[in-house]
>>> print(open('final_18.cif').read())   # mmCIF, C-alpha atoms and all ligand atoms
data_structure
loop_
_atom_site.label_atom_id
_atom_site.label_comp_id
_atom_site.auth_asym_id
_atom_site.auth_seq_id
_atom_site.Cartn_x
_atom_site.Cartn_y
_atom_site.Cartn_z
CA MET X 911 -2.30 100.20 -37.02
CA GLY X 912 -0.03 100.92 -34.08
CA ARG X 913 -0.55 98.97 -30.88
CA ALA X 914 0.07 100.20 -27.37
CA LEU X 915 2.92 98.44 -25.62
CA VAL X 916 3.32 98.14 -21.89
CA TRP X 917 6.81 97.48 -20.61
CA ASP X 918 7.20 96.14 -17.11
CA ALA X 919 10.80 95.21 -16.41
CA THR X 920 12.01 93.74 -13.13
CA CYS X 921 15.67 93.42 -12.11
CA VAL X 922 16.19 90.91 -9.35
CA ASP X 923 19.07 90.91 -6.92
CA SER X 924 19.81 87.19 -6.98
CA LEU X 925 22.31 87.59 -4.14
CA ALA X 926 19.80 89.27 -1.82
CA ALA X 927 19.41 87.42 1.49
CA SER X 928 15.81 86.46 0.67
CA HIS X 929 16.90 84.84 -2.63
CA LEU X 930 20.09 83.11 -1.51
CA PRO X 931 18.51 79.80 -0.37
CA SER X 932 16.76 79.26 -3.73
CA THR X 933 19.58 80.70 -5.89
CA SER X 934 22.10 78.38 -4.29
CA GLN X 935 19.86 75.41 -5.25
CA LYS X 936 18.88 76.42 -8.75
CA ALA X 937 20.19 78.84 -11.36
CA ALA X 938 17.77 81.70 -12.14
CA ALA X 939 15.52 80.80 -9.19
CA ALA X 940 15.25 84.47 -8.15
CA ALA X 941 14.16 85.55 -11.62
CA GLU X 942 11.64 82.70 -11.79
CA SER X 943 10.15 83.68 -8.45
CA ALA X 944 9.90 87.35 -9.52
CA GLN X 945 8.13 86.23 -12.67
CA MET X 946 5.60 84.18 -10.67
CA LEU X 947 4.92 87.09 -8.34
CA LYS X 948 4.19 89.34 -11.29
CA ARG X 949 1.53 87.06 -12.71
CA PRO X 950 -1.43 88.42 -10.70
CA LYS X 951 -0.46 91.97 -11.78
CA MET X 952 -0.19 90.85 -15.41
CA PHE X 953 -3.53 89.13 -15.10
CA LEU X 954 -5.17 92.40 -14.07
CA LEU X 955 -3.44 94.22 -16.91
CA ARG X 956 -4.60 91.66 -19.45
CA GLN X 957 -8.12 91.96 -18.07
CA ALA X 958 -8.04 95.73 -18.39
CA VAL X 959 -6.93 95.44 -22.02
CA SER X 960 -9.60 92.86 -22.76
CA ASN X 961 -12.21 95.10 -21.22
CA ALA X 962 -11.11 98.02 -23.35
CA ARG X 963 -11.74 95.82 -26.38
CA GLN X 964 -15.28 95.17 -25.11
CA LEU X 965 -14.69 91.62 -24.13
CA ALA X 966 -18.17 90.25 -23.56
CA PRO X 967 -19.95 90.26 -26.93
CA SER X 968 -17.25 88.59 -29.05
CA VAL X 969 -17.64 84.88 -28.30
CA ARG X 970 -16.00 82.86 -31.04
CA ALA X 971 -17.12 79.39 -32.00
CA MET X 972 -14.84 76.87 -30.35
CA SER X 973 -14.70 73.17 -30.56
CA SER X 974 -11.59 71.35 -29.57
CA LYS X 975 -11.68 67.60 -29.54
CA GLY X 976 -8.60 66.03 -28.06
CA PRO X 977 -8.93 62.37 -27.29
CA LEU X 978 -9.18 63.01 -23.55
CA VAL X 979 -11.06 66.30 -23.29
CA ASP X 980 -14.03 67.45 -25.31
CA LEU X 981 -14.49 71.21 -25.42
CA THR X 982 -17.51 72.79 -27.05
CA VAL X 983 -19.37 76.07 -26.77
CA ASP X 984 -23.16 75.96 -26.57
CA ASN X 985 -25.58 78.49 -28.07
CA ASP X 986 -25.40 80.66 -24.96
CA GLY X 987 -21.63 81.03 -25.31
CA VAL X 988 -20.89 78.71 -22.39
CA ALA X 989 -17.91 76.38 -22.81
CA ILE X 990 -18.52 72.79 -21.74
CA MET X 991 -15.33 70.90 -20.91
CA THR X 992 -15.93 67.15 -20.68
CA LEU X 993 -13.26 64.84 -19.28
CA GLN X 994 -13.26 61.58 -21.20
CA ARG X 995 -10.51 59.25 -20.09
CA PRO X 996 -12.12 55.87 -19.36
CA PRO X 997 -12.69 54.14 -17.13
CA VAL X 998 -12.55 56.71 -14.31
CA ASN X 999 -11.00 59.95 -15.65
CA SER X 1000 -7.92 59.45 -13.49
CA LEU X 1001 -5.66 62.45 -14.03
CA ASN X 1002 -2.50 61.22 -15.72
CA LEU X 1003 0.05 63.50 -17.41
CA ASP X 1004 -1.68 63.32 -20.80
CA LEU X 1005 -5.10 64.22 -19.42
CA LEU X 1006 -3.66 67.06 -17.34
CA LYS X 1007 -1.87 68.46 -20.40
CA GLU X 1008 -5.12 68.42 -22.37
CA ILE X 1009 -7.04 70.08 -19.54
CA SER X 1010 -4.34 72.73 -19.33
CA LYS X 1011 -4.52 73.42 -23.06
CA SER X 1012 -8.32 73.46 -23.03
CA LEU X 1013 -8.30 76.01 -20.22
CA ASP X 1014 -6.06 78.19 -22.39
CA ASP X 1015 -8.56 77.79 -25.23
CA VAL X 1016 -11.48 78.84 -23.02
CA ALA X 1017 -9.53 81.88 -21.82
CA LYS X 1018 -8.69 82.91 -25.40
CA ASN X 1019 -12.22 82.34 -26.60
CA LYS X 1020 -13.77 84.78 -24.14
CA SER X 1021 -16.63 82.43 -23.35
CA ARG X 1022 -19.36 83.50 -20.94
CA GLY X 1023 -18.13 80.86 -18.57
CA MET X 1024 -17.10 77.24 -18.40
CA ILE X 1025 -18.74 74.12 -17.06
CA LEU X 1026 -16.53 71.18 -16.15
CA THR X 1027 -18.06 67.71 -16.35
CA SER X 1028 -17.33 64.09 -17.24
CA SER X 1029 -18.36 61.66 -19.96
CA SER X 1030 -18.59 58.82 -17.44
CA PRO X 1031 -22.05 58.09 -16.04
CA THR X 1032 -20.62 57.30 -12.58
CA VAL X 1033 -17.27 59.04 -12.10
CA PHE X 1034 -16.51 62.76 -12.37
CA SER X 1035 -12.79 62.06 -11.82
CA ALA X 1036 -11.02 59.44 -9.70
CA GLY X 1037 -8.34 62.02 -8.90
CA LEU X 1038 -4.68 61.72 -9.72
CA ASP X 1039 -3.70 58.61 -11.62
CA ILE X 1040 -2.05 56.56 -8.92
CA MET X 1041 0.12 54.87 -11.52
CA GLU X 1042 1.86 58.24 -12.09
CA MET X 1043 3.01 58.11 -8.46
CA TYR X 1044 3.74 54.40 -8.04
CA LYS X 1045 7.37 53.53 -8.84
CA PRO X 1046 7.58 56.62 -11.05
CA ASP X 1047 10.12 57.86 -13.53
CA MET X 1048 11.27 60.98 -11.66
CA LYS X 1049 11.55 63.20 -14.74
CA ARG X 1050 7.99 62.38 -15.75
CA ALA X 1051 6.79 62.76 -12.14
CA GLU X 1052 8.22 66.28 -12.11
CA GLU X 1053 6.41 67.17 -15.33
CA PHE X 1054 3.24 65.54 -13.97
CA TRP X 1055 3.27 67.65 -10.81
CA THR X 1056 4.17 70.87 -12.62
CA THR X 1057 1.31 70.29 -15.06
CA LEU X 1058 -1.09 69.68 -12.16
CA GLN X 1059 0.04 72.97 -10.60
CA ASP X 1060 -0.53 74.70 -13.97
CA VAL X 1061 -4.04 73.28 -14.21
CA TRP X 1062 -4.85 74.54 -10.72
CA PHE X 1063 -3.44 78.02 -11.44
CA LYS X 1064 -5.46 78.23 -14.64
CA LEU X 1065 -8.70 76.88 -13.17
CA TYR X 1066 -8.64 78.37 -9.66
CA GLY X 1067 -7.28 81.67 -10.96
CA SER X 1068 -9.30 81.85 -14.18
CA SER X 1069 -10.77 85.19 -15.21
CA PHE X 1070 -13.75 83.43 -16.74
CA ALA X 1071 -16.53 82.10 -14.48
CA THR X 1072 -16.45 78.38 -13.74
CA ALA X 1073 -18.87 75.74 -12.49
CA ALA X 1074 -18.64 71.98 -12.04
CA ALA X 1075 -21.43 69.60 -13.03
CA ILE X 1076 -20.31 66.68 -10.86
CA ASN X 1077 -21.96 63.66 -12.37
CA GLY X 1078 -20.30 60.94 -10.32
CA HIS X 1079 -17.65 60.19 -7.71
CA ALA X 1080 -15.09 62.93 -7.12
CA PRO X 1081 -12.32 61.74 -4.79
CA ALA X 1082 -9.06 63.63 -4.13
CA GLY X 1083 -7.85 65.36 -7.33
CA GLY X 1084 -11.42 65.07 -8.70
CA CYS X 1085 -12.69 66.95 -5.67
CA LEU X 1086 -9.88 69.51 -6.11
CA LEU X 1087 -10.90 70.22 -9.71
CA SER X 1088 -14.51 70.79 -8.68
CA MET X 1089 -13.55 72.93 -5.66
CA SER X 1090 -11.40 75.09 -7.93
CA CYS X 1091 -14.58 76.08 -9.76
CA GLU X 1092 -16.86 78.77 -8.36
CA TYR X 1093 -19.98 76.62 -8.17
CA ARG X 1094 -20.82 72.93 -7.86
CA ALA X 1095 -23.98 71.03 -8.78
CA MET X 1096 -23.70 67.30 -8.00
CA VAL X 1097 -25.93 64.51 -9.20
CA GLY X 1098 -27.69 62.85 -6.25
CA GLY X 1099 -27.36 59.16 -5.49
CA LYS X 1100 -24.60 56.97 -4.18
CA PHE X 1101 -21.72 59.17 -5.31
CA THR X 1102 -19.12 60.55 -2.94
CA ILE X 1103 -16.76 63.53 -2.92
CA GLY X 1104 -13.83 64.54 -0.73
CA LEU X 1105 -10.09 64.72 -0.21
CA ASN X 1106 -9.21 61.17 0.88
CA GLU X 1107 -5.41 61.39 0.53
CA THR X 1108 -4.61 60.24 4.08
CA ALA X 1109 -6.36 56.93 3.32
CA LEU X 1110 -3.67 56.33 0.69
CA GLY X 1111 -0.91 57.14 3.18
CA ILE X 1112 -0.19 60.44 1.43
CA VAL X 1113 -0.71 64.04 2.47
CA ALA X 1114 -2.80 66.45 0.45
CA PRO X 1115 -0.55 69.37 -0.56
CA LYS X 1116 -1.16 72.69 1.18
CA TRP X 1117 -2.85 74.19 -1.88
CA PHE X 1118 -5.37 71.29 -1.94
CA MET X 1119 -6.05 72.05 1.73
CA ASP X 1120 -6.32 75.80 1.08
CA THR X 1121 -8.80 75.17 -1.70
CA MET X 1122 -10.94 73.06 0.63
CA CYS X 1123 -10.69 75.57 3.50
CA ARG X 1124 -12.07 78.19 1.12
CA THR X 1125 -14.99 75.96 0.17
CA ILE X 1126 -16.13 74.54 3.51
CA SER X 1127 -15.45 75.68 7.07
CA MET X 1128 -11.95 75.28 8.47
CA ARG X 1129 -13.32 72.95 11.18
CA GLN X 1130 -15.08 70.69 8.64
CA ALA X 1131 -12.00 70.75 6.40
CA GLU X 1132 -9.65 69.68 9.19
CA LEU X 1133 -11.95 66.83 10.20
CA ALA X 1134 -12.46 65.77 6.59
CA LEU X 1135 -8.76 65.91 5.66
CA THR X 1136 -7.51 64.02 8.71
CA THR X 1137 -10.17 61.31 8.48
CA ALA X 1138 -10.05 61.01 4.65
CA LYS X 1139 -13.78 61.73 4.68
CA MET X 1140 -15.70 61.01 1.52
CA PHE X 1141 -18.96 62.97 1.77
CA THR X 1142 -22.24 61.61 0.51
CA VAL X 1143 -24.09 64.04 -1.74
CA ASP X 1144 -26.43 65.04 1.11
CA GLU X 1145 -23.52 65.57 3.51
CA ALA X 1146 -21.67 67.58 0.87
CA LEU X 1147 -24.67 69.88 0.45
CA LYS X 1148 -25.05 70.30 4.20
CA CYS X 1149 -21.47 71.50 4.69
CA GLU X 1150 -21.54 73.51 1.41
CA LEU X 1151 -18.92 71.42 -0.34
CA ILE X 1152 -21.48 71.46 -3.15
CA ASP X 1153 -24.08 74.14 -3.85
CA GLU X 1154 -26.95 72.10 -5.27
CA ILE X 1155 -28.10 68.53 -5.83
CA ALA X 1156 -29.14 67.67 -9.38
CA THR X 1157 -31.35 64.85 -10.63
CA ASP X 1158 -29.02 63.92 -13.50
CA LYS X 1159 -26.15 65.28 -15.60
CA ALA X 1160 -28.43 67.45 -17.78
CA ASP X 1161 -29.97 68.96 -14.66
CA ALA X 1162 -26.50 69.55 -13.17
CA ILE X 1163 -25.43 71.37 -16.35
CA ASN X 1164 -28.63 73.45 -16.33
CA LYS X 1165 -28.04 74.41 -12.72
CA CYS X 1166 -24.49 75.47 -13.60
CA LYS X 1167 -25.84 77.52 -16.51
CA THR X 1168 -28.31 79.25 -14.22
CA PHE X 1169 -25.38 80.11 -11.95
CA LEU X 1170 -23.34 81.50 -14.87
CA LYS X 1171 -26.31 83.58 -16.02
CA LYS X 1172 -26.06 85.57 -12.78
CA PHE X 1173 -23.03 87.28 -14.29
CA GLU X 1174 -24.82 88.54 -17.41
CA LYS X 1175 -25.48 91.92 -15.84
CA ILE X 1176 -22.18 92.17 -13.96
CA PRO X 1177 -19.35 94.01 -15.75
CA PRO X 1178 -16.81 91.25 -16.53
CA LEU X 1179 -13.77 93.21 -15.38
CA ALA X 1180 -15.26 93.95 -11.96
CA ARG X 1181 -16.28 90.30 -11.59
CA ALA X 1182 -12.89 88.93 -12.63
CA ILE X 1183 -10.88 91.26 -10.41
CA THR X 1184 -13.13 90.53 -7.43
CA LYS X 1185 -12.68 86.79 -7.96
CA LEU X 1186 -8.93 87.13 -8.30
CA LYS X 1187 -8.63 89.26 -5.18
CA MET X 1188 -10.69 86.72 -3.20
CA ARG X 1189 -8.39 83.93 -4.43
CA GLU X 1190 -5.14 85.85 -4.41
CA GLU X 1191 -3.66 84.46 -1.19
CA PRO X 1192 -3.54 80.72 -1.99
CA ILE X 1193 -2.42 81.53 -5.54
CA LYS X 1194 0.45 83.68 -4.31
CA ASN X 1195 1.37 81.06 -1.73
CA LEU X 1196 1.83 78.38 -4.36
CA GLN X 1197 3.55 80.78 -6.76
CA THR X 1198 6.18 81.51 -4.14
CA SER X 1199 6.60 77.89 -3.02
CA ARG X 1200 6.14 76.25 -6.40
CA GLN X 1201 9.62 74.73 -6.71
CA ALA X 1202 9.60 73.56 -3.09
CA ASP X 1203 6.20 71.95 -3.64
CA VAL X 1204 7.57 69.99 -6.63
CA GLN X 1205 10.58 68.88 -4.59
CA GLU X 1206 8.34 67.85 -1.69
CA PHE X 1207 6.21 65.77 -4.07
CA LEU X 1208 9.28 64.08 -5.55
CA SER X 1209 10.73 63.30 -2.14
CA PHE X 1210 7.35 61.89 -1.05
CA LEU X 1211 7.49 59.55 -4.02
CA LYS X 1212 11.00 58.42 -3.08
CA ASN X 1213 9.83 57.46 0.41
CA PRO X 1214 9.54 53.62 0.64
CA LYS X 1215 6.64 53.90 3.11
CA VAL X 1216 4.66 56.03 0.64
CA GLN X 1217 5.40 53.52 -2.14
CA GLN X 1218 4.29 50.68 0.13
CA SER X 1219 1.01 52.46 0.95
CA LEU X 1220 0.39 53.14 -2.74
CA GLU X 1221 1.06 49.50 -3.60
CA MET X 1222 -1.43 48.30 -1.01
CA TYR X 1223 -4.01 50.84 -2.19
CA ILE X 1224 -3.60 49.76 -5.83
CA GLN X 1225 -4.00 46.11 -4.84
CA ALA X 1226 -7.17 46.91 -2.91
CA LEU X 1227 -8.56 48.84 -5.89
CA LYS X 1228 -7.76 45.99 -8.28
CA GLN X 1229 -9.33 43.40 -5.96
CA LYS X 1230 -12.46 45.53 -5.68
CA ALA X 1231 -12.62 46.01 -9.46
CA ALA X 1232 -12.21 42.26 -10.06
CA LYS X 1233 -15.26 41.38 -7.90
C1 LIG E 1 3.21 67.83 0.83
C2 LIG E 1 3.24 68.41 -0.50
C3 LIG E 1 3.67 67.67 -1.68
C4 LIG E 1 3.39 66.47 -2.05
C5 LIG E 1 2.55 65.49 -1.31
C6 LIG E 1 2.74 64.19 -1.88
C7 LIG E 1 1.85 63.44 -2.26
C8 LIG E 1 0.49 63.89 -2.40
C9 LIG E 1 0.18 63.70 -3.77
C10 LIG E 1 -0.97 63.77 -4.32
C11 LIG E 1 -2.26 63.97 -3.75
C12 LIG E 1 -3.14 62.91 -4.32
C13 LIG E 1 -4.22 63.17 -4.96
C14 LIG E 1 -5.02 62.11 -5.59
O1 LIG E 1 -5.89 62.43 -6.34
S1 LIG E 1 -4.66 60.47 -5.29
C15 LIG E 1 -5.94 59.53 -6.06
C16 LIG E 1 -7.02 59.25 -5.08
N1 LIG E 1 -8.12 58.59 -5.72
C17 LIG E 1 -8.77 57.61 -5.17
O2 LIG E 1 -8.50 57.21 -4.07
C18 LIG E 1 -9.89 57.02 -5.97
C19 LIG E 1 -9.68 55.57 -6.18
N2 LIG E 1 -10.76 55.02 -7.01
C20 LIG E 1 -11.97 54.73 -6.54
O3 LIG E 1 -12.30 54.92 -5.39
C21 LIG E 1 -12.94 54.14 -7.52
O4 LIG E 1 -12.23 53.69 -8.64
C22 LIG E 1 -14.03 55.10 -7.99
C23 LIG E 1 -15.03 55.37 -6.84
C24 LIG E 1 -13.46 56.42 -8.49
C25 LIG E 1 -14.82 54.45 -9.17
O5 LIG E 1 -15.26 53.18 -8.78
P1 LIG E 1 -15.69 52.12 -9.90
O6 LIG E 1 -16.23 50.95 -9.20
O7 LIG E 1 -16.51 52.77 -10.94
O8 LIG E 1 -14.32 51.78 -10.66
P2 LIG E 1 -13.18 50.77 -10.18
O9 LIG E 1 -13.59 49.39 -10.52
O10 LIG E 1 -12.84 51.03 -8.76
O11 LIG E 1 -11.95 51.25 -11.05
C26 LIG E 1 -11.85 50.91 -12.44
C27 LIG E 1 -10.39 50.86 -12.80
O12 LIG E 1 -9.80 52.14 -12.59
C28 LIG E 1 -8.67 52.02 -11.72
N3 LIG E 1 -8.56 53.24 -10.90
C29 LIG E 1 -9.46 53.77 -10.08
N4 LIG E 1 -9.04 54.91 -9.55
C30 LIG E 1 -7.81 55.12 -10.03
C31 LIG E 1 -6.84 56.14 -9.85
N5 LIG E 1 -7.04 57.20 -9.07
N6 LIG E 1 -5.67 56.02 -10.51
C32 LIG E 1 -5.42 54.98 -11.31
N7 LIG E 1 -6.32 53.97 -11.53
C33 LIG E 1 -7.49 54.05 -10.91
C34 LIG E 1 -8.99 50.78 -10.87
O13 LIG E 1 -7.83 50.26 -10.32
C35 LIG E 1 -9.60 49.89 -11.91
O14 LIG E 1 -8.54 49.39 -12.71
P3 LIG E 1 -8.57 47.91 -13.31
O15 LIG E 1 -8.61 46.96 -12.15
O16 LIG E 1 -7.32 47.82 -14.09
O17 LIG E 1 -9.82 47.84 -14.14
#
>>> encode(input="final_18.cif", output="structure tokens", more="lines below")
Ligand SMILES: CC/C=C\C/C=C\C/C=C\C/C=C/C(=O)SCCNC(=O)CCNC(=O)[C@H](O)C(C)(C)COP(=O)(O)OP(=O)(O)OC[C@H]1O[C@@H](n2cnc3c(N)ncnc32)[C@H](O)[C@@H]1OP(=O)(O)O
Amino acid sequence: MGRALVWDATCVDSLAASHLPSTSQKAAAAAESAQMLKRPKMFLLRQAVSNARQLAPSVRAMSSKGPLVDLTVDNDGVAIMTLQRPPVNSLNLDLLKEISKSLDDVAKNKSRGMILTSSSPTVFSAGLDIMEMYKPDMKRAEEFWTTLQDVWFKLYGSSFATAAAINGHAPAGGCLLSMSCEYRAMVGGKFTIGLNETALGIVAPKWFMDTMCRTISMRQAELALTTAKMFTVDEALKCELIDEIATDKADAINKCKTFLKKFEKIPPLARAITKLKMREEPIKNLQTSRQADVQEFLSFLKNPKVQQSLEMYIQALKQKAAK
């Protein structure tokens, strides 16, 4: 059977004034940037093709069990992605790679939606693994940051619907993962959630900030980011950082499922394009500044003051854990 092919070629003028700064730093930078800019268009094309093949009814069984991420599909066709890197699901390179691959699997599988949760009874995710940033090997640090960017692109810009069942603390990168989903149900109790980077002497990247500004009000986000605010569950609900409070993990997952069910009667293509258009701006911003963002991260890591702050933070964490 013949298959329709769509050709979409782009020729970049790598010596154009707008490309010169990046081209002079890195070979093929202009082509790379053109490729990134084309992604949203390609996404829409892929969606259109999927729709033509009547995307919704063909949910395949999926079960992928890496050591760090468990991915299963329940009877309703909802993918449940469970982070399982004890003790606190800190996001190191290996875990990020598995999340990235699992997101690809969910996209391929055409699930009804995906729920992100954790196997820990008290921690959703402790955020980025600080040990990846403390006295790092620069090559690995670059791969680490690029993989984190990939995870955000795939989660924040996913065509499938997403919800987070936050069953424990969600600081920094943990908060980012949950905010990248479309809906959040958090288990009530003593847990906290927020972007606390300034407390570590580091600055949340712009795309972390953008994600927060699109979840809570700009005013609340500025206050929270500058003061490293960790919200209690009640505070998080009040400022709409989360959508619902759950009694336990099962309840959080049920609440996420109820959210995903809302899309049963909505044509998937219309839903996906609407989501992408709403999220287009921060995605494009990072696509265009992706290399600069990596370089900024690496130069942050080389800064002795940042290393000193990280060292003190690690010591404080270890002292607390030892008590
Ligand atoms: C400008 C643009 C470009 C670049 C900017 C540059 C830099 C910005 C870069 C990145 C942004 C950063 C994002 C982040 O996500 S940073 C991580 C922030 N996370 C935290 O602050 C959380 C710290 N952890 C906790 O608060 C608690 O552990 C937690 C509440 C999650 C759980 O408490 P619990 O009592 O259950 O466990 P603990 O006893 O505290 O911990 C057990 C064990 O785990 C270790 N641990 C905890 N968190 C981390 C972590 N994030 N990374 C690595 N290790 C972690 C902790 O030390 C204990 O270890 P051990 O003593 O060996 O048992």
>>> closest_residue(input="final_18.cif", among="X:Val1113, X:Leu1133, X:Ala1074, X:Leu993", to="X:Asp1153", atoms="only C-alpha atoms")
X:Ala1074
>>> residues_near_ligand(input="final_18.cif", ligand="ligand LIG 1 (chain E)", cutoff="6 Å", atoms="all atoms listed in the file", output="PyMOL selection string")
chain X and resi 997-998+1000+1033+1036-1041+1079+1081-1083+1107+1112-1115+1203+1206-1207+1210+1227-1228+1231
>>> closest_residue(input="final_18.cif", among="X:Pro1177, X:Gly1099, X:Gly1111, X:Pro1031", to="X:Ile1224", atoms="all atoms listed in the file")
X:Gly1111
>>> atom_distance(input="final_18.cif", atom1="atom CA of X:Ser1028", atom2="atom CA of X:Thr992")
4.8 Å
>>> closest_residue(input="final_18.cif", among="X:Leu1013, X:Ile990, X:Ala1071, X:Asn1195", to="X:Lys1172", atoms="only C-alpha atoms")
X:Ala1071
>>> closest_residue(input="final_18.cif", among="X:Gln1217, X:Thr1125, X:Ser1068, X:Gln1229", to="X:Lys1187", atoms="all atoms listed in the file")
X:Ser1068
>>> atom_distance(input="final_18.cif", atom1="atom CA of X:Asp984", atom2="atom CA of X:Asp1158")
18.7 Å
>>> closest_residue(input="final_18.cif", among="X:Tyr1044, X:Phe1070, X:Asn1019, X:Asn1002", to="X:Ala1180", atoms="all atoms listed in the file")
X:Phe1070
>>> closest_residue(input="final_18.cif", among="X:Thr1168, X:Gln1130, X:Ser1199, X:Thr1136", to="X:Lys1148", atoms="only C-alpha atoms")
X:Gln1130
>>> axis_aligned_box(input="final_18.cif", around="stretch 1172-1181 of chain X", padding_each_side="5 Å", output="JSON")
{"center_x": -19.9, "center_y": 89.8, "center_z": -14.5, "size_x": 22.3, "size_y": 18.4, "size_z": 15.8}
>>> residues_around(input="final_18.cif", residues="X:Ser1030", least_positions_apart="5", cutoff="9 Å", atoms="only C-alpha atoms", output="PyMOL selection string")
chain X and resi 993-999+1035+1077-1078
>>> atom_distance(input="final_18.cif", atom1="atom CA of X:Asp1060", atom2="atom CA of X:Ser1010")
6.9 Å
>>> residues_around(input="final_18.cif", residues="stretch 1084-1091 of chain X", least_positions_apart="3", cutoff="10 Å", atoms="only C-alpha atoms", output="PyMOL selection string")
chain X and resi 999-1001+1024-1027+1033-1038+1061-1068+1071-1076+1078-1081+1094-1096+1102-1106+1117-1119+1121-1126+1140+1151-1152+1189
>>> residues_around(input="final_18.cif", residues="X:Leu1211", least_positions_apart="2", cutoff="9 Å", atoms="only C-alpha atoms", output="list in words")
Met1043, Tyr1044, Lys1045, Pro1046, Met1048, Ala1051, Glu1206, Phe1207, Leu1208, Ser1209, Asn1213, Pro1214, Val1216 and Gln1217 of chain X
